[in-house]
Amino acid sequence: MATTIKIKTKIKIKISMKLHHIAIWTFRLEELKDFYVRFLGGTSNEKYINPKKGFESYFISFGEGPSLELMSRTDVQNTPIEENRLGLTHLAFTFPNREEVLRFTEQMRSEGYTIAGEPRTSGDGYFESVVLDLDGNRIECVCPPQADEPQDDCSFETERLLIRPFRENDAETFFACCQNPNLGNNAGWAPHKSIEESREILQNVFIGQEDIWAITLKDTRQLIGSIGIVPDPKRENPQVRMLGYWLDEAHWGKGYMTEAVQAVLNYGFNELQLSLITANCYPHNKRSQQVLERNGFICEGVLHQAELTYNGNIYDHLCYYLPNICRPASEDYDEILQVWEDSVRHTHHFLTEEHIQFYKPLVRNHYLSAVELYIIRNTNGKIVAFMGLSDELIEMLFVSPGEQGKGYGRRLLEYAIRRKQMNKVDVNEQNDKALGFYLRMGFRIIGRDETDGMGKPYPILHLQLPEAENGNK
């Protein structure tokens, strides 16, 4: 006896699909065809015409990728194109590198087209901008992350800037900046006449030079200036360096150079352990004077007839210097106490007058002598910031209210971290400004006390750097 068993088998067939084209309606068929051919490198076929339906179209091809069909018909409705809506939202075109995205974006801007999205680096590493075509369609200009693209060999990173060594492919942007006579006349060199001249100067003066960097925008990686800290030819002390910088005119007045200078000052004092940083500028260069004074530099005088420029002018030099963080003498304690009181009244609004008067003699007579003090003086020699360290803790850090925002607090804190190996700090919970500063500097909250050290009802937060916390586990 035999039994037959029937087996049913499902066979799955995988069909490989390929996107062939995308179609959009337009009332300006010829103009839109010219836009995609002229600016985006497309190739158009012969126009198709269907007179019965009043329909016309072009197919625009872009190499091996999908084509774009541009269509026109008299009865098509004109509705606005919004970025955040269901359905097709944009067309994306790839570019070989960031520079081409920047070049194309600026070309579109100069031709009068709307830039709906300025060049930026997306969260997943794509460099992109958005341009609107004649009908308002969003054209995304994209440079994908590339393995062979030069890496951001960044020396310093600030809130808005990446400061890195110069590269050979900086030449075009370098020339675009340095051909401006307003830049060269403030810095003491002739405006560049050709990109070949810029390439030669870039190679001989900037590329490969120790402690001379390019300033670039963090969002776009665009080169906007330079900064360096080099031996001062007028001083024989090897622990003295001279600061120099220039910035593209389009980016003046935005605080970029102040931001870059603060990063380089921290490097000079904390990494190179310099005793003094100097800087010179022309008396007519008011912007440079403001940058130096904003960063605490002290004007020590005028060096008369200091320089014969390329065009035959003889200019004086305003000479500035900035000393490193130093230790105070006991005679400085009253001045330090005034900084403490002014800062407390400015930031510790939760303290009553009674409590300020309670702590004041304790600070003057006990706390200052119990810690390792460090101070910073301003252009007038006045103490404007101080810090106190114990064996394992940053016990105090105060900056005069009128001197805040000049990087003094950051300099003191980085000195404590890098030079004194400090990684812990306590802060009043109600002092939002100080807490935000320490969190931005990388500290994390690891504990909390309901009262301060004197039992007063002011909660204390204990903060520590994460790497130190991990090392203690």
# chains A, B, ... in the order shown; residues from 1 in each chain; ligands from 1
>>> select_by_dssp(residues="segment 335-385 of chain A", states="strand (DSSP E or B)", output="ChimeraX atom specification")
/A:372-377,383-385
>>> closest_residue(among="A:Ala416, A:Val76, A:Ile207, A:Cys178", to="Phe166 of chain A", atoms="only C-alpha atoms")
A:Ile207
>>> residues_around(residues="segment 260-273 of chain A", least_positions_apart="4", cutoff="9 Å", atoms="only C-alpha atoms", output="JSON, numbers by chain")
{"A": [156, 157, 158, 161, 162, 163, 215, 227, 228, 229, 239, 241, 243, 245, 255, 256, 277, 291, 292, 295, 324, 325, 406, 407, 410, 411, 414, 415, 418, 419]}
>>> write_last_selection(atoms="N, CA and C atoms", output="compact mmCIF listing (two decimals), in the first residue's frame")
# COMPACT_ATOMS: atom_id res chain seq x y z
N PHE A 156 42.21 73.16 18.22
CA PHE A 156 41.32 73.71 19.25
C PHE A 156 39.90 73.73 18.71
N GLU A 157 38.96 73.57 19.60
CA GLU A 157 37.55 73.68 19.25
C GLU A 157 36.88 74.60 20.23
N THR A 158 36.20 75.63 19.72
CA THR A 158 35.46 76.54 20.57
C THR A 158 33.97 76.36 20.28
N LEU A 161 33.96 77.61 16.47
CA LEU A 161 35.13 77.53 15.60
C LEU A 161 35.88 76.21 15.74
N LEU A 162 36.52 75.82 14.64
CA LEU A 162 37.53 74.77 14.65
C LEU A 162 38.83 75.43 14.20
N ILE A 163 39.87 75.31 15.01
CA ILE A 163 41.16 75.93 14.71
C ILE A 163 42.14 74.81 14.43
N ILE A 215 41.67 79.42 11.05
CA ILE A 215 40.41 79.54 11.79
C ILE A 215 39.27 79.20 10.84
N ILE A 227 45.40 82.48 13.03
CA ILE A 227 45.90 82.91 14.33
C ILE A 227 47.16 82.12 14.63
N GLY A 228 48.11 82.77 15.29
CA GLY A 228 49.36 82.09 15.62
C GLY A 228 49.99 82.68 16.86
N ILE A 229 50.90 81.91 17.45
CA ILE A 229 51.62 82.36 18.63
C ILE A 229 53.08 81.95 18.44
N GLN A 239 60.29 81.93 27.13
CA GLN A 239 58.94 81.67 27.65
C GLN A 239 57.98 82.80 27.30
N ARG A 241 55.89 84.49 24.01
CA ARG A 241 55.47 84.33 22.63
C ARG A 241 54.64 85.54 22.22
N LEU A 243 51.46 86.98 19.88
CA LEU A 243 50.20 86.61 19.26
C LEU A 243 50.00 87.42 17.98
N TYR A 245 47.19 87.58 14.30
CA TYR A 245 45.96 87.04 13.73
C TYR A 245 45.45 87.93 12.62
N GLY A 255 32.58 88.55 16.94
CA GLY A 255 33.19 87.94 18.12
C GLY A 255 34.04 86.72 17.84
N TYR A 256 34.25 86.39 16.55
CA TYR A 256 35.02 85.18 16.23
C TYR A 256 36.47 85.27 16.70
N ILE A 277 52.57 86.69 27.10
CA ILE A 277 52.16 86.70 25.70
C ILE A 277 52.03 88.14 25.26
N VAL A 291 39.95 93.71 20.42
CA VAL A 291 40.12 92.27 20.68
C VAL A 291 41.12 92.06 21.80
N LEU A 292 42.26 92.74 21.74
CA LEU A 292 43.30 92.56 22.75
C LEU A 292 42.83 93.03 24.12
N ASN A 295 40.41 90.79 25.82
CA ASN A 295 41.03 89.59 26.37
C ASN A 295 42.03 89.90 27.48
N ASN A 324 50.97 85.77 32.69
CA ASN A 324 50.30 84.54 33.08
C ASN A 324 49.66 84.71 34.45
N ILE A 325 48.89 83.72 34.84
CA ILE A 325 48.31 83.66 36.17
C ILE A 325 49.44 83.66 37.20
N LYS A 406 35.46 87.72 29.56
CA LYS A 406 36.76 87.91 28.92
C LYS A 406 37.64 86.66 28.99
N GLY A 407 37.08 85.57 29.48
CA GLY A 407 37.83 84.32 29.52
C GLY A 407 38.67 84.12 30.77
N ARG A 410 37.63 80.88 32.68
CA ARG A 410 38.07 79.70 31.95
C ARG A 410 39.58 79.50 32.10
N ARG A 411 40.35 80.59 32.01
CA ARG A 411 41.80 80.47 32.16
C ARG A 411 42.17 79.93 33.53
N GLU A 414 41.07 76.15 33.73
CA GLU A 414 41.93 75.26 32.96
C GLU A 414 43.33 75.17 33.56
N TYR A 415 43.78 76.25 34.19
CA TYR A 415 45.06 76.20 34.91
C TYR A 415 44.97 75.19 36.05
N ARG A 418 44.75 71.54 34.35
CA ARG A 418 45.92 71.07 33.61
C ARG A 418 47.20 71.14 34.41
N ARG A 419 47.37 72.24 35.15
CA ARG A 419 48.64 72.43 35.84
C ARG A 419 48.62 71.92 37.27
>>> atom_distance(atom1="atom CA of Tyr359 of chain A", atom2="atom CA of Asp342 of chain A")
13.3 Å
